[in-house]
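K.L.:
What follows is data12.pdb, PDB, C-alpha atoms.
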MODEL        1
ATOM      1  CA  MET A   8      26.224  16.412 -34.885  1.00  0.00           C
ATOM      2  CA  ARG A   9      28.799  16.155 -32.085  1.00  0.00           C
ATOM      3  CA  VAL A  10      27.770  19.555 -30.744  1.00  0.00           C
ATOM      4  CA  LEU A  11      24.104  18.503 -30.685  1.00  0.00           C
ATOM      5  CA  LEU A  12      24.884  15.216 -28.946  1.00  0.00           C
ATOM      6  CA  SER A  13      27.120  16.991 -26.418  1.00  0.00           C
ATOM      7  CA  SER A  14      24.378  19.534 -25.719  1.00  0.00           C
ATOM      8  CA  ILE A  15      21.794  16.819 -25.161  1.00  0.00           C
ATOM      9  CA  LEU A  16      24.090  14.914 -22.808  1.00  0.00           C
ATOM     10  CA  LEU A  17      24.841  18.108 -20.889  1.00  0.00           C
ATOM     11  CA  LEU A  18      21.131  18.885 -20.487  1.00  0.00           C
ATOM     12  CA  LEU A  19      20.405  15.360 -19.312  1.00  0.00           C
ATOM     13  CA  SER A  20      23.214  15.447 -16.771  1.00  0.00           C
ATOM     14  CA  LEU A  21      22.010  18.796 -15.418  1.00  0.00           C
ATOM     15  CA  ALA A  22      18.391  17.616 -15.157  1.00  0.00           C
ATOM     16  CA  SER A  23      19.285  14.351 -13.444  1.00  0.00           C
ATOM     17  CA  PRO A  24      20.004  15.809  -9.954  1.00  0.00           C
ATOM     18  CA  ALA A  25      16.665  17.652 -10.023  1.00  0.00           C
ATOM     19  CA  ARG A  26      14.819  14.460 -10.931  1.00  0.00           C
ATOM     20  CA  ALA A  27      16.648  12.584  -8.166  1.00  0.00           C
ATOM     21  CA  ALA A  28      15.612  15.250  -5.641  1.00  0.00           C
ATOM     22  CA  ASP A  29      12.002  15.120  -6.869  1.00  0.00           C
ATOM     23  CA  ARG A  30      12.000  11.319  -6.604  1.00  0.00           C
ATOM     24  CA  ALA A  31      13.431  11.482  -3.079  1.00  0.00           C
ATOM     25  CA  ALA A  32      10.691  13.954  -2.089  1.00  0.00           C
ATOM     26  CA  ASP A  33       8.015  11.697  -3.612  1.00  0.00           C
ATOM     27  CA  VAL A  34       9.382   8.616  -1.831  1.00  0.00           C
ATOM     28  CA  ALA A  35       9.423  10.558   1.457  1.00  0.00           C
ATOM     29  CA  ALA A  36       5.805  11.673   0.915  1.00  0.00           C
ATOM     30  CA  ILE A  37       4.734   8.100   0.118  1.00  0.00           C
ATOM     31  CA  ASN A  38       6.587   6.831   3.197  1.00  0.00           C
ATOM     32  CA  ALA A  39       4.611   9.388   5.205  1.00  0.00           C
ATOM     33  CA  VAL A  40       1.385   7.792   3.907  1.00  0.00           C
ATOM     34  CA  VAL A  41       2.709   4.365   4.969  1.00  0.00           C
ATOM     35  CA  GLU A  42       3.418   5.719   8.463  1.00  0.00           C
ATOM     36  CA  GLN A  43      -0.003   7.431   8.662  1.00  0.00           C
ATOM     37  CA  PHE A  44      -1.634   4.135   7.642  1.00  0.00           C
ATOM     38  CA  LYS A  45       0.148   2.205  10.405  1.00  0.00           C
ATOM     39  CA  ALA A  46      -0.554   4.896  13.029  1.00  0.00           C
ATOM     40  CA  ALA A  47      -4.244   5.127  12.073  1.00  0.00           C
ATOM     41  CA  ILE A  48      -4.654   1.374  12.534  1.00  0.00           C
ATOM     42  CA  ILE A  49      -3.061   1.439  15.988  1.00  0.00           C
ATOM     43  CA  ALA A  50      -5.145   4.501  16.971  1.00  0.00           C
ATOM     44  CA  ARG A  51      -8.290   2.852  15.541  1.00  0.00           C
ATOM     45  CA  ASP A  52      -8.795   6.041  13.550  1.00  0.00           C
ATOM     46  CA  GLY A  53     -11.031   5.038  10.654  1.00  0.00           C
ATOM     47  CA  LYS A  54     -11.429   8.634   9.484  1.00  0.00           C
ATOM     48  CA  THR A  55      -7.685   9.190   8.996  1.00  0.00           C
ATOM     49  CA  LEU A  56      -7.326   5.737   7.474  1.00  0.00           C
ATOM     50  CA  GLY A  57     -10.084   6.496   4.985  1.00  0.00           C
ATOM     51  CA  SER A  58      -8.482   9.817   4.053  1.00  0.00           C
ATOM     52  CA  LEU A  59      -5.462   7.951   2.659  1.00  0.00           C
ATOM     53  CA  PHE A  60      -7.558   6.395  -0.129  1.00  0.00           C
ATOM     54  CA  LEU A  61      -9.118   7.797  -3.279  1.00  0.00           C
ATOM     55  CA  GLN A  62     -12.651   8.436  -2.107  1.00  0.00           C
ATOM     56  CA  ASP A  63     -14.468   7.453  -5.295  1.00  0.00           C
ATOM     57  CA  HIS A  64     -12.402   4.380  -6.103  1.00  0.00           C
ATOM     58  CA  ASP A  65     -12.277   1.070  -4.309  1.00  0.00           C
ATOM     59  CA  SER A  66     -10.179  -1.817  -5.519  1.00  0.00           C
ATOM     60  CA  TRP A  67      -9.335  -4.068  -2.579  1.00  0.00           C
ATOM     61  CA  LEU A  68      -8.519  -7.743  -3.068  1.00  0.00           C
ATOM     62  CA  SER A  69      -7.074 -10.442  -0.851  1.00  0.00           C
ATOM     63  CA  VAL A  70      -5.885 -13.874  -1.964  1.00  0.00           C
ATOM     64  CA  PRO A  71      -4.961 -16.773   0.328  1.00  0.00           C
ATOM     65  CA  ASP A  72      -1.565 -18.386  -0.148  1.00  0.00           C
ATOM     66  CA  ALA A  73      -1.462 -22.127  -0.958  1.00  0.00           C
ATOM     67  CA  ALA A  74      -1.596 -23.317   2.678  1.00  0.00           C
ATOM     68  CA  ALA A  75      -4.370 -20.930   3.665  1.00  0.00           C
ATOM     69  CA  TRP A  76      -6.321 -21.792   0.491  1.00  0.00           C
ATOM     70  CA  GLU A  77      -6.293 -25.477   1.424  1.00  0.00           C
ATOM     71  CA  LYS A  78      -7.811 -24.618   4.820  1.00  0.00           C
ATOM     72  CA  VAL A  79     -10.457 -22.383   3.231  1.00  0.00           C
ATOM     73  CA  LYS A  80     -11.407 -25.084   0.694  1.00  0.00           C
ATOM     74  CA  ALA A  81     -11.618 -27.709   3.443  1.00  0.00           C
ATOM     75  CA  ARG A  82     -14.123 -25.531   5.341  1.00  0.00           C
ATOM     76  CA  ASN A  83     -16.039 -24.411   2.253  1.00  0.00           C
ATOM     77  CA  PRO A  84     -15.459 -26.220  -1.066  1.00  0.00           C
ATOM     78  CA  LYS A  85     -17.418 -23.513  -2.933  1.00  0.00           C
ATOM     79  CA  ALA A  86     -15.324 -20.639  -1.556  1.00  0.00           C
ATOM     80  CA  ARG A  87     -13.836 -18.123  -3.957  1.00  0.00           C
ATOM     81  CA  LYS A  88     -10.074 -17.737  -3.952  1.00  0.00           C
ATOM     82  CA  VAL A  89     -10.061 -13.974  -4.491  1.00  0.00           C
ATOM     83  CA  PHE A  90     -11.899 -11.992  -1.823  1.00  0.00           C
ATOM     84  CA  PRO A  91     -13.063  -8.496  -2.789  1.00  0.00           C
ATOM     85  CA  SER A  92     -13.620  -5.941  -0.082  1.00  0.00           C
ATOM     86  CA  SER A  93     -13.188  -2.185   0.354  1.00  0.00           C
ATOM     87  CA  TRP A  94     -11.172   0.364   2.253  1.00  0.00           C
ATOM     88  CA  LYS A  95     -14.468   1.548   3.761  1.00  0.00           C
ATOM     89  CA  LYS A  96     -15.127  -1.863   5.340  1.00  0.00           C
ATOM     90  CA  PHE A  97     -11.543  -2.012   6.586  1.00  0.00           C
ATOM     91  CA  ALA A  98     -11.722   1.502   8.087  1.00  0.00           C
ATOM     92  CA  ASP A  99     -15.000   0.577   9.798  1.00  0.00           C
ATOM     93  CA  PHE A 100     -13.464  -2.650  11.163  1.00  0.00           C
ATOM     94  CA  ILE A 101     -10.480  -0.735  12.517  1.00  0.00           C
ATOM     95  CA  GLN A 102     -12.640   1.996  14.051  1.00  0.00           C
ATOM     96  CA  THR A 103     -15.070  -0.380  15.755  1.00  0.00           C
ATOM     97  CA  SER A 104     -12.595  -3.038  16.899  1.00  0.00           C
ATOM     98  CA  ASP A 105     -12.830  -3.703  20.618  1.00  0.00           C
ATOM     99  CA  GLN A 106      -9.283  -5.100  20.642  1.00  0.00           C
ATOM    100  CA  PRO A 107      -5.924  -3.538  19.774  1.00  0.00           C
ATOM    101  CA  VAL A 108      -5.093  -3.876  16.065  1.00  0.00           C
ATOM    102  CA  GLU A 109      -1.733  -3.352  14.370  1.00  0.00           C
ATOM    103  CA  GLU A 110      -0.098  -3.981  11.019  1.00  0.00           C
ATOM    104  CA  ARG A 111       3.685  -4.317  10.920  1.00  0.00           C
ATOM    105  CA  PHE A 112       5.479  -3.632   7.634  1.00  0.00           C
ATOM    106  CA  TYR A 113       8.798  -5.153   6.508  1.00  0.00           C
ATOM    107  CA  ASN A 114      10.945  -4.711   3.398  1.00  0.00           C
ATOM    108  CA  VAL A 115       8.994  -1.700   2.112  1.00  0.00           C
ATOM    109  CA  ARG A 116       9.807  -0.951  -1.541  1.00  0.00           C
ATOM    110  CA  ILE A 117       8.558   2.135  -3.357  1.00  0.00           C
ATOM    111  CA  ASP A 118       8.745   2.864  -7.065  1.00  0.00           C
ATOM    112  CA  THR A 119       7.394   6.092  -8.523  1.00  0.00           C
ATOM    113  CA  ASN A 120       7.656   8.412 -11.465  1.00  0.00           C
ATOM    114  CA  GLY A 121       6.128  11.300  -9.504  1.00  0.00           C
ATOM    115  CA  THR A 122       2.616  10.721 -10.815  1.00  0.00           C
ATOM    116  CA  VAL A 123       1.906   7.072 -10.009  1.00  0.00           C
ATOM    117  CA  ALA A 124       3.578   4.797  -7.494  1.00  0.00           C
ATOM    118  CA  SER A 125       3.746   1.200  -6.399  1.00  0.00           C
ATOM    119  CA  VAL A 126       4.390   0.224  -2.785  1.00  0.00           C
ATOM    120  CA  TRP A 127       5.213  -3.396  -1.931  1.00  0.00           C
ATOM    121  CA  PHE A 128       5.964  -4.851   1.494  1.00  0.00           C
ATOM    122  CA  ASP A 129       5.707  -7.920   3.672  1.00  0.00           C
ATOM    123  CA  PHE A 130       3.428  -7.620   6.692  1.00  0.00           C
ATOM    124  CA  ASP A 131       2.102  -9.139   9.880  1.00  0.00           C
ATOM    125  CA  PHE A 132      -1.449  -8.221  10.917  1.00  0.00           C
ATOM    126  CA  LEU A 133      -2.096  -8.460  14.645  1.00  0.00           C
ATOM    127  CA  ILE A 134      -5.249  -8.432  16.716  1.00  0.00           C
ATOM    128  CA  ALA A 135      -4.791  -8.256  20.483  1.00  0.00           C
ATOM    129  CA  GLY A 136      -1.061  -8.799  19.991  1.00  0.00           C
ATOM    130  CA  LYS A 137      -1.524 -12.072  18.077  1.00  0.00           C
ATOM    131  CA  VAL A 138      -0.577 -12.437  14.412  1.00  0.00           C
ATOM    132  CA  THR A 139      -3.798 -13.301  12.587  1.00  0.00           C
ATOM    133  CA  ASN A 140      -2.455 -12.875   9.055  1.00  0.00           C
ATOM    134  CA  ARG A 141       0.874 -12.412   7.331  1.00  0.00           C
ATOM    135  CA  GLY A 142       1.879 -12.100   3.753  1.00  0.00           C
ATOM    136  CA  SER A 143       2.755  -9.537   1.114  1.00  0.00           C
ATOM    137  CA  GLU A 144       0.837  -6.403   0.245  1.00  0.00           C
ATOM    138  CA  SER A 145       0.865  -4.099  -2.749  1.00  0.00           C
ATOM    139  CA  TRP A 146      -0.563  -0.611  -3.072  1.00  0.00           C
ATOM    140  CA  GLN A 147      -1.058   1.289  -6.280  1.00  0.00           C
ATOM    141  CA  MET A 148      -0.954   5.005  -5.566  1.00  0.00           C
ATOM    142  CA  VAL A 149      -1.620   8.204  -7.483  1.00  0.00           C
ATOM    143  CA  ARG A 150      -0.682  11.793  -6.831  1.00  0.00           C
ATOM    144  CA  ALA A 151      -4.108  13.415  -6.478  1.00  0.00           C
ATOM    145  CA  GLU A 152      -4.889  17.100  -6.079  1.00  0.00           C
ATOM    146  CA  ASP A 153      -4.380  16.802  -2.318  1.00  0.00           C
ATOM    147  CA  GLY A 154      -1.342  14.493  -2.243  1.00  0.00           C
ATOM    148  CA  TRP A 155      -0.557  10.812  -2.588  1.00  0.00           C
ATOM    149  CA  LYS A 156      -3.576   8.481  -2.303  1.00  0.00           C
ATOM    150  CA  ILE A 157      -3.958   4.707  -2.343  1.00  0.00           C
ATOM    151  CA  SER A 158      -6.029   3.722  -5.373  1.00  0.00           C
ATOM    152  CA  SER A 159      -5.913  -0.056  -4.963  1.00  0.00           C
ATOM    153  CA  MET A 160      -4.676  -2.657  -2.550  1.00  0.00           C
ATOM    154  CA  LEU A 161      -3.837  -6.328  -3.023  1.00  0.00           C
ATOM    155  CA  PHE A 162      -2.601  -8.617  -0.278  1.00  0.00           C
ATOM    156  CA  SER A 163      -1.974 -12.260   0.364  1.00  0.00           C
ATOM    157  CA  MET A 164      -3.363 -14.117   3.349  1.00  0.00           C
ATOM    158  CA  GLY A 165      -1.266 -16.714   5.079  1.00  0.00           C
ATOM    159  CA  ASP A 166      -0.336 -18.157   8.437  1.00  0.00           C
TER     160      ASP A 166
ENDMDL
END
Here is the file; what I need is its structure written in the form of structure tokens.
P.N.:
Amino acid sequence: MRVLLSSILLLLSLASPARAADRAADVAAINAVVEQFKAAIIARDGKTLGSLFLQDHDSWLSVPDAAAWEKVKARNPKARKVFPSSWKKFADFIQTSDQPVEERFYNVRIDTNGTVASVWFDFDFLIAGKVTNRGSESWQMVRAEDGWKISSMLFSMGD
């Protein structure tokens, strides 16, 4: 029994560095998607932005924080709190914007098992250099045939 347990522990310890290297490579690849996303927004490149998403899937939701929700309700008492949209609408908005647009990311956290991933960060969204929204954003990602893709996006809206 001791020999079996020792063998298992040895195998696990030998496999661990390989898994750590794989995880580091996955995190680097996901960080590259984050950087491509930011650069595509600044360049107003809707095509590149769209290429970062699963093409046949579109889960995009935004939710106002408490302060923003109060303002929304004051303007429209029948407003919904959760706003569905799509990466296609966002890519079109970015591509056709007549003003500079940027999204700044802070405190980016990535968790992955090599097949699926979660990316969480705080952000400021700017139009013409002015912050128009800030909050937290979460991406669910999958490793598709052609690399890491964003499958869904959730973000808060605040001042």
K.L.:
For Gly57 in chain A, which residue out of A:Arg150, A:Lys85, A:Arg116, A:Lys95 is the nearest one, using all atoms listed in the file?
P.N.:
A:Lys95
K.L.:
Got a sec to resolve the PyMOL selection byres ((chain A and resi 40) around 10) on this structure and send the residues as a list in words?
P.N.:
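Evaluating the PyMOL selection byres ((chain A and resi 40) around 10) on these coordinates yields Val34, Ala35, Ala36, Ile37, Asn38, Ala39, Val41, Glu42, Gln43, Phe44, Lys45, Ala46, Leu56, Leu59, Phe60, Gly154, Trp155, Lys156 and Ile157 of chain A.
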K.L.:
If we count all atoms listed in the file, what is near Val115 in chain A at a cut-off of 9 Å, once residues fewer than 5 positions away on the same chain are taken out, given as JSON, numbers by chain?
P.N.:
{"A": [38, 126, 127, 128, 129]}
K.L.:
Just so the selection is clear, what residues does the PyMOL selection byres ((chain A and resi 147) around 7) cover here, as a list in words?
P.N.:
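With the shown file as input, the PyMOL selection byres ((chain A and resi 147) around 7) matches Ala124, Ser125, Val126, Ser145, Trp146, Met148, Ile157, Ser158, Ser159 and Met160 of chain A.
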K.L.:
Quick one: of A:Pro71, A:Gly121, A:Gly53, A:Pro84, who's nearest to Asp166 in chain A, counting all atoms listed in the file?
P.N.:
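With all atoms listed in the file as the atom set, the closest residue is A:Pro71.
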K.L.:
Translate the PyMOL selection byres ((chain A and resi 141) around 8), as applied to the file shown, into an explicit residue set as a VMD selection string.
P.N.:
chain A and resid 129 to 132 138 to 140 142 to 143 163 to 166
K.L.:
Taking (-5.9, -5.9, 21.7) in the coordinates of the supplied file, I want to know which residues reach to within 7 Å of it, counting only C-alpha atoms; could you give the answer as a CSV table (one decimal) with C-alpha atoms, in the frame of the given file?
P.N.:
chain,number,residue,atom,x,y,z
A,106,GLN,CA,-9.3,-5.1,20.6
A,107,PRO,CA,-5.9,-3.5,19.8
A,108,VAL,CA,-5.1,-3.9,16.1
A,134,ILE,CA,-5.2,-8.4,16.7
A,135,ALA,CA,-4.8,-8.3,20.5
A,136,GLY,CA,-1.1,-8.8,20.0
K.L.:
One decimal, Å: what's the distance from CA of Arg51 in chain A over to CA of Asp153 in chain A, could you say?
P.N.:
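Between CA of Arg51 in chain A and CA of Asp153 in chain A the gap is 23.0 Å.
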K.L.:
So which one's closest to Phe162 in chain A, A:Asp99, A:Asp72, A:Asp29, A:Asp52? Using all atoms listed in the file, please.
P.N.:
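Among A:Asp99, A:Asp72, A:Asp29, A:Asp52, it is A:Asp72 that comes nearest to Phe162 in chain A.
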K.L.:
Name the closest residue to Leu161 in chain A among the candidates A:Leu68, A:Ile117, A:Ala47, A:Val89; distances are taken between atoms, counting all atoms listed in the file.
P.N.:
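The answer is A:Leu68, which sits nearest to Leu161 in chain A.
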K.L.:
Just checking: using only C-alpha atoms, which residue out of A:Glu144, A:Asp33, A:Ser69, A:Gln62 ends up closest to Ser92 in chain A?
P.N.:
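Of the candidates, the smallest distance to Ser92 in chain A is held by A:Ser69.
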K.L.:
Pick from A:Val149, A:Leu133, A:Ala74, A:Leu61: nearest to Asp118 in chain A, with only C-alpha atoms counted?
P.N.:
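Nearest candidate to Asp118 in chain A out of A:Val149, A:Leu133, A:Ala74, A:Leu61: A:Val149.
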K.L.:
How far is it from CA of Asn120 in chain A to CA of Arg30 in chain A, in Å with one decimal?
P.N.:
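That distance, rounded to one decimal, is 7.1 Å.
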